[in-house]
Amino acid sequence: MWAWKPLLSHKAPRQDSTAAERSGARRAGAEVAIITAVDSILFEARSRQKQIVALIREMVECESPSCDPAAVNRFVDLLADVAPSFARIKTFPGGRFGRHVVCEFDLPGKKKQGQVLALGHSDTVWPPGTLASMPFRQKDGRLWGPGVLDMKAGIAFFVYAMRILRDLDVPVPNKVVMQINSDEEVGSESSRPLTEKNAKRSRVVLVLEPSAGLEGKLKTARKGVGDYAITVRGKAAHSGLDFTDGASAILELARQIEKIAGFTDLGRGITVNPGVISGGTRVNVVAAEAKAQVDMRILRLKDAEVLDRKFHNLRPVDKRCTIEVKGGLNRPPLERSPAIVQLLRKAQKLAREMGVELGESPSGGGSDGNFTAALGVPTLDGIGAVGEGAHALNESILIDRIADRTALLAKLVAAL
Ligand SMILES: [Zn+2]
């Protein structure tokens with residue numbers, strides 16, 4: 001009799017575990033079935049994650065500093081190669097920068113109500129050869145490398161989001177255009193007219209820039225950016241023989257910088273930063289000339305005028321000196337309008353359905369979204385990758401946010 005016991009006790013757990021395994025498999029199967037039925041877009045994004053990572057790697061390993069048009073053009077060629085077959089690609093000359101690219105996607109759905117513009121940039125702040133010291137790598141749940149966050153991953157996400165919509169035959173109510181500029185990191189001088197032209201034709205602009213913080217917050221306000229060049233001219237003299245005959249441009253500039261720094265008003269979101277100064281020729285000469293480059297950031301467009309007046313009203317303390325002021329606002333602020341909030345709410349709802357809480361945050365930095373928002377086109381910025389360290393050595397993105405961000409882009413495009 002006792003011989004049965006081991007047999008039974010041996011058998012029973014095996015049966016149990018097999019049954020448990022089976023029911024586990026059923027549970028997993030059921031989960032898969034639910035995800036497939038309810039959220040096929042997220043499921044697709046998850047199942048293509050490896051391919052998305054491979055594309056990001058290719059993009060990061062194709063260095064594209066703003067200052068190197070040939071390198072940026074190589075990236076443009078890569079983008080044309082990897083763009084899906086249903087995208088029509090046009091490139092535009094970028095003057096002294098690389099080419100700009102516009103991809104128009106042929107997506108399912110008949111009646112197109114208008115246009116959605118996805119906006120990005122191919123250029124990075126990293127000089128050629130950075131990959132040698134900062135290679136692409138996958139470590140600690142992140143992808144690392146120059147330009148991975150700002151903003152090659154965002155471009156890869158969008159390309160895959162469009163692929164998923166096409167493959168799942170999801171009807172898209174708008175024409176979808178993606179524009180990738182070559183000079184965003186250096187002021188967008190050559191791409192701005194193209195951006196504004198395409199934005200004016202669009203109902204909505206989605207900016208594929210990185211999100212804010214590791215929680216992936218969208219950017220619903222961005223500061224406007226301006227710069228000023230201040231040149232002070234005085235009178236040169238021998239610092240020993242004719243000291244009183246000289247009018248020091250350096251001394252005068254130093255006094256002016258005190259005033260200029262005083263334009264900062266943190267309460268109103270205004271910062272004024274004299275970032276670079278130069279002047280003088282020799283230590284024993286009273287300086288005839290001195291210059292300052294000043295960076296200005298504002299939250300409200302109307303502050304630009306007030307500040308511009310202040311800059312132009314600078315008067316020399318030493319009347320023998322003159323002050324020349326050049327420059328002004330080059331990116332208007334992206335102001336958090338009711339239309340932007342509405343767009344955010346839509347994105348939040350779609351994210352919540354995937355179990356993701358989507359926050360929002362203002363940003364001190366500008367993007368091409370500043371131009372489109374200033375035209376009154378609802379602009380949702382920071383909808384690209386989640387990570388940290390843009391323009392820094394720790395530039396990286398979170399791998400486990402690749403799928404939901406890609407899915408969010410696809411869902412938004414389908415829902416707009
Ligand atoms: Zn960027």
# chains A, B, ... in the order shown; residues from 1 in each chain; ligands from 1

$ residues_near_ligand --ligand "ligand 1" --cutoff "10 Å" --atoms "only C-alpha atoms and all ligand atoms" --output "list in words"
Gly120, His121, Ser122, Asp123, Thr124, Val125, Gly147, Leu149, Asp150, Met151, Lys152, Gly154, Glu184, Glu185, Val207, Leu208, Glu209, Pro210, Gly365, Gly366, Ser367, Asp368, Gly382, Gly384, Ala390 and His391 of chain A

$ write_last_selection --atoms "N, CA and C atoms" --output "compact mmCIF listing (two decimals), in the first residue's frame"
# COMPACT_ATOMS: atom_id res chain seq x y z
N GLY A 120 10.29 67.21 -36.92
CA GLY A 120 11.49 66.75 -36.23
C GLY A 120 12.73 67.37 -36.84
N HIS A 121 13.88 66.97 -36.34
CA HIS A 121 15.13 67.46 -36.93
C HIS A 121 16.16 66.35 -37.00
N SER A 122 16.95 66.42 -38.08
CA SER A 122 17.96 65.39 -38.30
C SER A 122 19.28 65.77 -37.66
N ASP A 123 19.49 67.05 -37.40
CA ASP A 123 20.80 67.47 -36.90
C ASP A 123 20.94 67.26 -35.40
N THR A 124 22.18 67.09 -34.97
CA THR A 124 22.48 66.95 -33.54
C THR A 124 23.53 67.99 -33.15
N VAL A 125 23.73 68.13 -31.86
CA VAL A 125 24.74 69.09 -31.38
C VAL A 125 26.12 68.43 -31.27
N GLY A 147 22.59 61.95 -29.86
CA GLY A 147 21.37 62.23 -30.63
C GLY A 147 20.28 61.20 -30.45
N LEU A 149 18.28 60.65 -27.92
CA LEU A 149 17.08 61.25 -27.33
C LEU A 149 16.64 62.47 -28.15
N ASP A 150 17.61 63.27 -28.54
CA ASP A 150 17.33 64.53 -29.24
C ASP A 150 17.87 64.46 -30.66
N MET A 151 17.11 63.92 -31.64
CA MET A 151 15.84 63.29 -31.46
C MET A 151 15.60 62.15 -32.42
N LYS A 152 16.64 61.31 -32.57
CA LYS A 152 16.55 60.26 -33.57
C LYS A 152 15.51 59.20 -33.21
N GLY A 154 12.73 59.65 -31.69
CA GLY A 154 11.40 60.20 -32.00
C GLY A 154 11.05 59.98 -33.47
N GLU A 184 17.82 72.61 -36.92
CA GLU A 184 17.06 73.02 -35.72
C GLU A 184 17.97 73.42 -34.57
N GLU A 185 19.08 72.73 -34.43
CA GLU A 185 19.97 72.99 -33.29
C GLU A 185 20.74 74.30 -33.45
N VAL A 207 5.25 67.51 -32.39
CA VAL A 207 6.70 67.71 -32.45
C VAL A 207 7.38 66.52 -31.78
N LEU A 208 8.22 65.83 -32.55
CA LEU A 208 8.81 64.57 -32.10
C LEU A 208 10.02 64.76 -31.20
N GLU A 209 10.12 65.92 -30.57
CA GLU A 209 11.21 66.20 -29.63
C GLU A 209 11.05 65.31 -28.39
N PRO A 210 12.17 65.11 -27.65
CA PRO A 210 12.06 64.31 -26.43
C PRO A 210 11.10 64.93 -25.42
N GLY A 365 13.73 75.50 -23.21
CA GLY A 365 14.36 75.43 -24.52
C GLY A 365 13.34 75.60 -25.63
N GLY A 366 13.80 76.08 -26.78
CA GLY A 366 12.90 76.25 -27.91
C GLY A 366 12.95 75.06 -28.84
N SER A 367 11.95 74.97 -29.74
CA SER A 367 11.98 73.95 -30.80
C SER A 367 11.29 74.55 -32.01
N ASP A 368 11.20 73.78 -33.09
CA ASP A 368 10.48 74.28 -34.26
C ASP A 368 8.98 74.39 -33.97
N GLY A 382 7.24 67.51 -27.53
CA GLY A 382 7.81 66.58 -26.55
C GLY A 382 7.14 65.22 -26.60
N GLY A 384 8.13 62.73 -28.44
CA GLY A 384 9.10 61.72 -28.88
C GLY A 384 9.51 60.80 -27.73
N ALA A 390 19.72 65.18 -22.92
CA ALA A 390 19.85 65.79 -24.24
C ALA A 390 21.05 66.75 -24.22
N HIS A 391 21.86 66.73 -25.24
CA HIS A 391 23.05 67.58 -25.38
C HIS A 391 24.10 67.27 -24.30

$ residues_around --residues "stretch 226-228 of chain A" --least-positions-apart "2" --cutoff "7 Å" --atoms "only C-alpha atoms" --output "list in words"
Gly224, Ile230, Gln293, Val294, Asp295, Met296, Arg297, Val325, Lys326, Gly327, Gly328, Leu329, Asn330 and Arg331 of chain A

$ write_last_selection --atoms "N, CA, C and O atoms" --output "short mmCIF file (atom, residue, chain, number, x, y, z; two decimals), in the first residue's frame"
data_model
loop_
_atom_site.label_atom_id
_atom_site.label_comp_id
_atom_site.auth_asym_id
_atom_site.auth_seq_id
_atom_site.Cartn_x
_atom_site.Cartn_y
_atom_site.Cartn_z
N GLY A 224 10.18 81.47 -25.53
CA GLY A 224 10.68 82.08 -26.75
C GLY A 224 12.16 82.41 -26.53
O GLY A 224 12.60 82.61 -25.40
N ILE A 230 25.77 93.06 -28.32
CA ILE A 230 26.00 94.43 -27.84
C ILE A 230 27.45 94.80 -28.15
O ILE A 230 28.37 94.08 -27.74
N GLN A 293 27.50 88.86 -26.09
CA GLN A 293 26.37 88.14 -26.70
C GLN A 293 25.43 87.73 -25.58
O GLN A 293 25.86 87.15 -24.57
N VAL A 294 24.17 88.06 -25.77
CA VAL A 294 23.21 87.89 -24.69
C VAL A 294 22.06 86.99 -25.16
O VAL A 294 21.50 87.20 -26.24
N ASP A 295 21.73 86.01 -24.35
CA ASP A 295 20.63 85.10 -24.63
C ASP A 295 19.42 85.55 -23.80
O ASP A 295 19.55 85.89 -22.63
N MET A 296 18.25 85.58 -24.45
CA MET A 296 17.05 86.04 -23.76
C MET A 296 15.95 84.99 -23.92
O MET A 296 15.77 84.43 -24.99
N ARG A 297 15.25 84.68 -22.84
CA ARG A 297 14.14 83.69 -22.90
C ARG A 297 12.89 84.32 -22.29
O ARG A 297 12.97 84.95 -21.23
N VAL A 325 23.30 98.01 -30.59
CA VAL A 325 22.53 96.82 -30.22
C VAL A 325 21.98 96.18 -31.49
O VAL A 325 21.34 96.84 -32.30
N LYS A 326 22.25 94.88 -31.65
CA LYS A 326 21.70 94.14 -32.78
C LYS A 326 21.02 92.89 -32.26
O LYS A 326 21.40 92.36 -31.22
N GLY A 327 20.06 92.39 -33.02
CA GLY A 327 19.43 91.11 -32.65
C GLY A 327 17.99 91.28 -32.24
O GLY A 327 17.37 92.32 -32.48
N GLY A 328 17.45 90.29 -31.63
CA GLY A 328 16.05 90.30 -31.21
C GLY A 328 15.56 88.88 -31.03
O GLY A 328 16.35 87.95 -30.90
N LEU A 329 14.24 88.75 -31.04
CA LEU A 329 13.61 87.46 -30.82
C LEU A 329 13.78 86.60 -32.06
O LEU A 329 13.49 87.05 -33.17
N ASN A 330 14.28 85.37 -31.94
CA ASN A 330 14.26 84.52 -33.13
C ASN A 330 13.34 83.33 -33.04
O ASN A 330 12.98 82.75 -34.07
N ARG A 331 12.92 82.94 -31.86
CA ARG A 331 11.85 81.93 -31.73
C ARG A 331 10.79 82.49 -30.80
O ARG A 331 11.07 82.73 -29.62
#

$ residues_around --residues "A:Arg222" --least-positions-apart "4" --cutoff "6 Å" --atoms "only C-alpha atoms" --output "PDB file with all heavy atoms, in the first residue's frame"
ATOM      1  N   PRO A 333       7.650  82.425 -28.231  1.00  0.00           N
ATOM      2  CA  PRO A 333       7.312  81.385 -27.256  1.00  0.00           C
ATOM      3  C   PRO A 333       6.162  80.502 -27.753  1.00  0.00           C
ATOM      4  O   PRO A 333       5.353  80.940 -28.556  1.00  0.00           O
ATOM      5  CB  PRO A 333       6.881  82.178 -26.020  1.00  0.00           C
ATOM      6  CG  PRO A 333       6.547  83.537 -26.506  1.00  0.00           C
ATOM      7  CD  PRO A 333       7.344  83.769 -27.754  1.00  0.00           C
ATOM      8  N   LEU A 334       6.178  79.265 -27.297  1.00  0.00           N
ATOM      9  CA  LEU A 334       5.039  78.374 -27.529  1.00  0.00           C
ATOM     10  C   LEU A 334       4.148  78.560 -26.297  1.00  0.00           C
ATOM     11  O   LEU A 334       4.485  78.109 -25.216  1.00  0.00           O
ATOM     12  CB  LEU A 334       5.539  76.941 -27.665  1.00  0.00           C
ATOM     13  CG  LEU A 334       4.610  75.804 -28.082  1.00  0.00           C
ATOM     14  CD1 LEU A 334       5.429  74.612 -28.563  1.00  0.00           C
ATOM     15  CD2 LEU A 334       3.653  75.359 -27.015  1.00  0.00           C
ATOM     16  N   PRO A 362       6.349  72.780 -18.788  1.00  0.00           N
ATOM     17  CA  PRO A 362       6.905  73.823 -19.657  1.00  0.00           C
ATOM     18  C   PRO A 362       8.387  73.552 -19.893  1.00  0.00           C
ATOM     19  O   PRO A 362       9.000  72.794 -19.147  1.00  0.00           O
ATOM     20  CB  PRO A 362       6.717  75.095 -18.836  1.00  0.00           C
ATOM     21  CG  PRO A 362       6.706  74.640 -17.416  1.00  0.00           C
ATOM     22  CD  PRO A 362       6.245  73.210 -17.395  1.00  0.00           C
ATOM     23  N   SER A 363       8.936  74.119 -20.936  1.00  0.00           N
ATOM     24  CA  SER A 363      10.355  73.917 -21.210  1.00  0.00           C
ATOM     25  C   SER A 363      11.036  75.257 -21.467  1.00  0.00           C
ATOM     26  O   SER A 363      10.470  76.136 -22.111  1.00  0.00           O
ATOM     27  CB  SER A 363      10.516  73.015 -22.430  1.00  0.00           C
ATOM     28  OG  SER A 363      11.863  73.006 -22.851  1.00  0.00           O
ATOM     29  N   GLY A 364      12.258  75.374 -20.969  1.00  0.00           N
ATOM     30  CA  GLY A 364      13.026  76.606 -21.180  1.00  0.00           C
ATOM     31  C   GLY A 364      13.659  76.653 -22.558  1.00  0.00           C
ATOM     32  O   GLY A 364      14.072  77.698 -23.035  1.00  0.00           O
ATOM     33  N   GLY A 366      13.800  76.080 -26.782  1.00  0.00           N
ATOM     34  CA  GLY A 366      12.900  76.252 -27.912  1.00  0.00           C
ATOM     35  C   GLY A 366      12.946  75.059 -28.842  1.00  0.00           C
ATOM     36  O   GLY A 366      13.828  74.221 -28.748  1.00  0.00           O
TER      37      GLY A 366
END

$ select_by_dssp --residues "stretch 183-401 of chain A" --states "alpha helix (DSSP H)" --output "number ranges by chain"
A: 192-200, 249-261, 301-312, 338-352, 369-374

$ residues_around --residues "stretch 93-101 of chain A" --least-positions-apart "5" --cutoff "12 Å" --atoms "only C-alpha atoms" --output "ChimeraX atom specification"
/A:64-80,83,87-88,118-124,155,177-195,198

$ write_last_selection --atoms "N, CA and C atoms" --output "compact mmCIF listing (two decimals), in the first residue's frame"
# COMPACT_ATOMS: atom_id res chain seq x y z
N SER A 64 25.20 63.14 -37.47
CA SER A 64 24.64 64.23 -38.28
C SER A 64 24.68 65.57 -37.56
N PRO A 65 25.89 66.08 -37.30
CA PRO A 65 25.98 67.39 -36.65
C PRO A 65 25.49 68.51 -37.59
N SER A 66 24.85 69.51 -37.02
CA SER A 66 24.31 70.61 -37.84
C SER A 66 25.38 71.21 -38.74
N CYS A 67 26.62 71.27 -38.21
CA CYS A 67 27.68 71.98 -38.91
C CYS A 67 28.28 71.19 -40.08
N ASP A 68 27.81 69.97 -40.29
CA ASP A 68 28.41 69.10 -41.31
C ASP A 68 27.32 68.66 -42.30
N PRO A 69 27.06 69.51 -43.33
CA PRO A 69 25.95 69.21 -44.25
C PRO A 69 26.08 67.86 -44.94
N ALA A 70 27.31 67.43 -45.25
CA ALA A 70 27.47 66.14 -45.92
C ALA A 70 27.00 65.02 -45.00
N ALA A 71 27.33 65.13 -43.73
CA ALA A 71 26.91 64.10 -42.76
C ALA A 71 25.39 64.11 -42.60
N VAL A 72 24.80 65.29 -42.51
CA VAL A 72 23.34 65.38 -42.38
C VAL A 72 22.68 64.78 -43.62
N ASN A 73 23.25 65.05 -44.79
CA ASN A 73 22.68 64.48 -46.01
C ASN A 73 22.76 62.95 -46.03
N ARG A 74 23.80 62.41 -45.41
CA ARG A 74 23.89 60.95 -45.30
C ARG A 74 22.73 60.43 -44.45
N PHE A 75 22.41 61.17 -43.40
CA PHE A 75 21.28 60.78 -42.56
C PHE A 75 19.96 60.87 -43.35
N VAL A 76 19.88 61.91 -44.17
CA VAL A 76 18.68 62.09 -45.00
C VAL A 76 18.53 60.90 -45.95
N ASP A 77 19.64 60.44 -46.52
CA ASP A 77 19.60 59.27 -47.41
C ASP A 77 19.16 58.03 -46.63
N LEU A 78 19.68 57.91 -45.42
CA LEU A 78 19.29 56.76 -44.58
C LEU A 78 17.79 56.79 -44.33
N LEU A 79 17.29 57.98 -44.01
CA LEU A 79 15.86 58.12 -43.72
C LEU A 79 15.04 57.73 -44.96
N ALA A 80 15.50 58.15 -46.12
CA ALA A 80 14.79 57.81 -47.35
C ALA A 80 14.81 56.30 -47.58
N ALA A 83 12.43 54.66 -44.86
CA ALA A 83 11.03 55.09 -44.85
C ALA A 83 10.19 54.01 -45.53
N ALA A 87 5.52 55.86 -48.25
CA ALA A 87 5.82 57.28 -47.98
C ALA A 87 6.44 57.91 -49.22
N ARG A 88 5.93 59.07 -49.60
CA ARG A 88 6.55 59.80 -50.71
C ARG A 88 7.51 60.81 -50.11
N ALA A 118 3.94 66.09 -38.53
CA ALA A 118 4.89 65.65 -37.50
C ALA A 118 6.21 66.33 -37.81
N LEU A 119 6.78 66.95 -36.79
CA LEU A 119 7.95 67.79 -37.02
C LEU A 119 9.15 67.27 -36.23
N GLY A 120 10.29 67.21 -36.92
CA GLY A 120 11.49 66.75 -36.23
C GLY A 120 12.73 67.37 -36.84
N HIS A 121 13.88 66.97 -36.34
CA HIS A 121 15.13 67.46 -36.93
C HIS A 121 16.16 66.35 -37.00
N SER A 122 16.95 66.42 -38.08
CA SER A 122 17.96 65.39 -38.30
C SER A 122 19.28 65.77 -37.66
N ASP A 123 19.49 67.05 -37.40
CA ASP A 123 20.80 67.47 -36.90
C ASP A 123 20.94 67.26 -35.40
N THR A 124 22.18 67.09 -34.97
CA THR A 124 22.48 66.95 -33.54
C THR A 124 23.53 67.99 -33.15
N ILE A 155 12.04 60.14 -34.34
CA ILE A 155 11.81 59.94 -35.78
C ILE A 155 11.51 58.45 -36.03
N VAL A 177 1.95 64.17 -42.79
CA VAL A 177 3.22 64.61 -43.35
C VAL A 177 4.25 64.70 -42.23
N MET A 178 5.43 64.17 -42.47
CA MET A 178 6.52 64.32 -41.49
C MET A 178 7.61 65.18 -42.11
N GLN A 179 7.98 66.24 -41.40
CA GLN A 179 9.05 67.12 -41.89
C GLN A 179 10.25 67.04 -40.94
N ILE A 180 11.41 66.75 -41.51
CA ILE A 180 12.63 66.64 -40.69
C ILE A 180 13.61 67.71 -41.16
N ASN A 181 13.90 68.64 -40.26
CA ASN A 181 14.76 69.78 -40.59
C ASN A 181 16.23 69.49 -40.27
N SER A 182 17.11 70.18 -40.98
CA SER A 182 18.54 69.90 -40.83
C SER A 182 19.26 70.92 -39.94
N ASP A 183 18.54 71.97 -39.50
CA ASP A 183 19.25 73.08 -38.83
C ASP A 183 18.57 73.54 -37.54
N GLU A 184 17.82 72.61 -36.92
CA GLU A 184 17.06 73.02 -35.72
C GLU A 184 17.97 73.42 -34.57
N GLU A 185 19.08 72.73 -34.43
CA GLU A 185 19.97 72.99 -33.29
C GLU A 185 20.74 74.30 -33.45
N VAL A 186 20.67 74.88 -34.64
CA VAL A 186 21.41 76.13 -34.87
C VAL A 186 20.47 77.25 -35.30
N GLY A 187 19.22 77.17 -34.88
CA GLY A 187 18.31 78.30 -35.06
C GLY A 187 17.26 78.16 -36.15
N SER A 188 17.31 77.10 -36.97
CA SER A 188 16.28 76.83 -37.98
C SER A 188 16.12 77.93 -39.01
N GLU A 189 17.19 78.66 -39.24
CA GLU A 189 17.11 79.78 -40.18
C GLU A 189 16.66 79.32 -41.58
N SER A 190 17.22 78.21 -42.05
CA SER A 190 16.89 77.81 -43.42
C SER A 190 15.60 77.01 -43.50
N SER A 191 15.20 76.32 -42.42
CA SER A 191 14.00 75.47 -42.49
C SER A 191 12.72 76.20 -42.09
N ARG A 192 12.87 77.33 -41.44
CA ARG A 192 11.68 77.99 -40.88
C ARG A 192 10.57 78.26 -41.92
N PRO A 193 10.91 78.79 -43.11
CA PRO A 193 9.83 79.03 -44.07
C PRO A 193 9.08 77.75 -44.47
N LEU A 194 9.83 76.64 -44.62
CA LEU A 194 9.19 75.37 -44.98
C LEU A 194 8.30 74.87 -43.83
N THR A 195 8.80 75.01 -42.62
CA THR A 195 8.02 74.61 -41.43
C THR A 195 6.72 75.41 -41.38
N ASN A 198 4.22 74.37 -44.19
CA ASN A 198 3.52 73.11 -43.91
C ASN A 198 2.60 73.21 -42.70

$ closest_residue --among "A:Glu305, A:Asp381, A:Glu252, A:Glu44" --to "A:Ala161" --atoms "only C-alpha atoms"
A:Glu44

$ residues_around --residues "A:Lys197" --least-positions-apart "6" --cutoff "12 Å" --atoms "only C-alpha atoms" --output "list in words"
Val102, Leu117, Gln179, Ser191, Phe371, Thr372, Leu375 and Val377 of chain A

$ write_last_selection --atoms "N, CA and C atoms" --output "mmCIF file, in the first residue's frame"
data_model
loop_
_atom_site.group_PDB
_atom_site.id
_atom_site.type_symbol
_atom_site.label_atom_id
_atom_site.label_comp_id
_atom_site.auth_asym_id
_atom_site.auth_seq_id
_atom_site.Cartn_x
_atom_site.Cartn_y
_atom_site.Cartn_z
ATOM 1 N N VAL A 102 10.710 66.009 -46.401
ATOM 2 C CA VAL A 102 9.276 65.936 -46.140
ATOM 3 C C VAL A 102 8.775 64.582 -46.647
ATOM 4 N N LEU A 117 0.836 67.419 -39.183
ATOM 5 C CA LEU A 117 2.270 67.565 -39.453
ATOM 6 C C LEU A 117 3.080 67.049 -38.263
ATOM 7 N N GLN A 179 7.980 66.237 -41.400
ATOM 8 C CA GLN A 179 9.053 67.119 -41.890
ATOM 9 C C GLN A 179 10.250 67.038 -40.938
ATOM 10 N N SER A 191 15.202 76.324 -42.424
ATOM 11 C CA SER A 191 14.004 75.473 -42.490
ATOM 12 C C SER A 191 12.724 76.203 -42.091
ATOM 13 N N PHE A 371 7.559 77.944 -33.710
ATOM 14 C CA PHE A 371 7.108 78.646 -34.918
ATOM 15 C C PHE A 371 5.673 78.263 -35.270
ATOM 16 N N THR A 372 5.376 76.964 -35.161
ATOM 17 C CA THR A 372 4.046 76.512 -35.587
ATOM 18 C C THR A 372 2.972 76.981 -34.600
ATOM 19 N N LEU A 375 1.882 80.490 -35.068
ATOM 20 C CA LEU A 375 0.944 80.700 -36.181
ATOM 21 C C LEU A 375 -0.485 80.358 -35.783
ATOM 22 N N VAL A 377 -1.418 77.297 -34.851
ATOM 23 C CA VAL A 377 -1.722 75.891 -35.141
ATOM 24 C C VAL A 377 -1.469 75.081 -33.861
#

$ closest_residue --among "A:Gly145, A:Gly275, A:Gly387, A:Pro171" --to "A:Ile402" --atoms "only C-alpha atoms"
A:Gly387
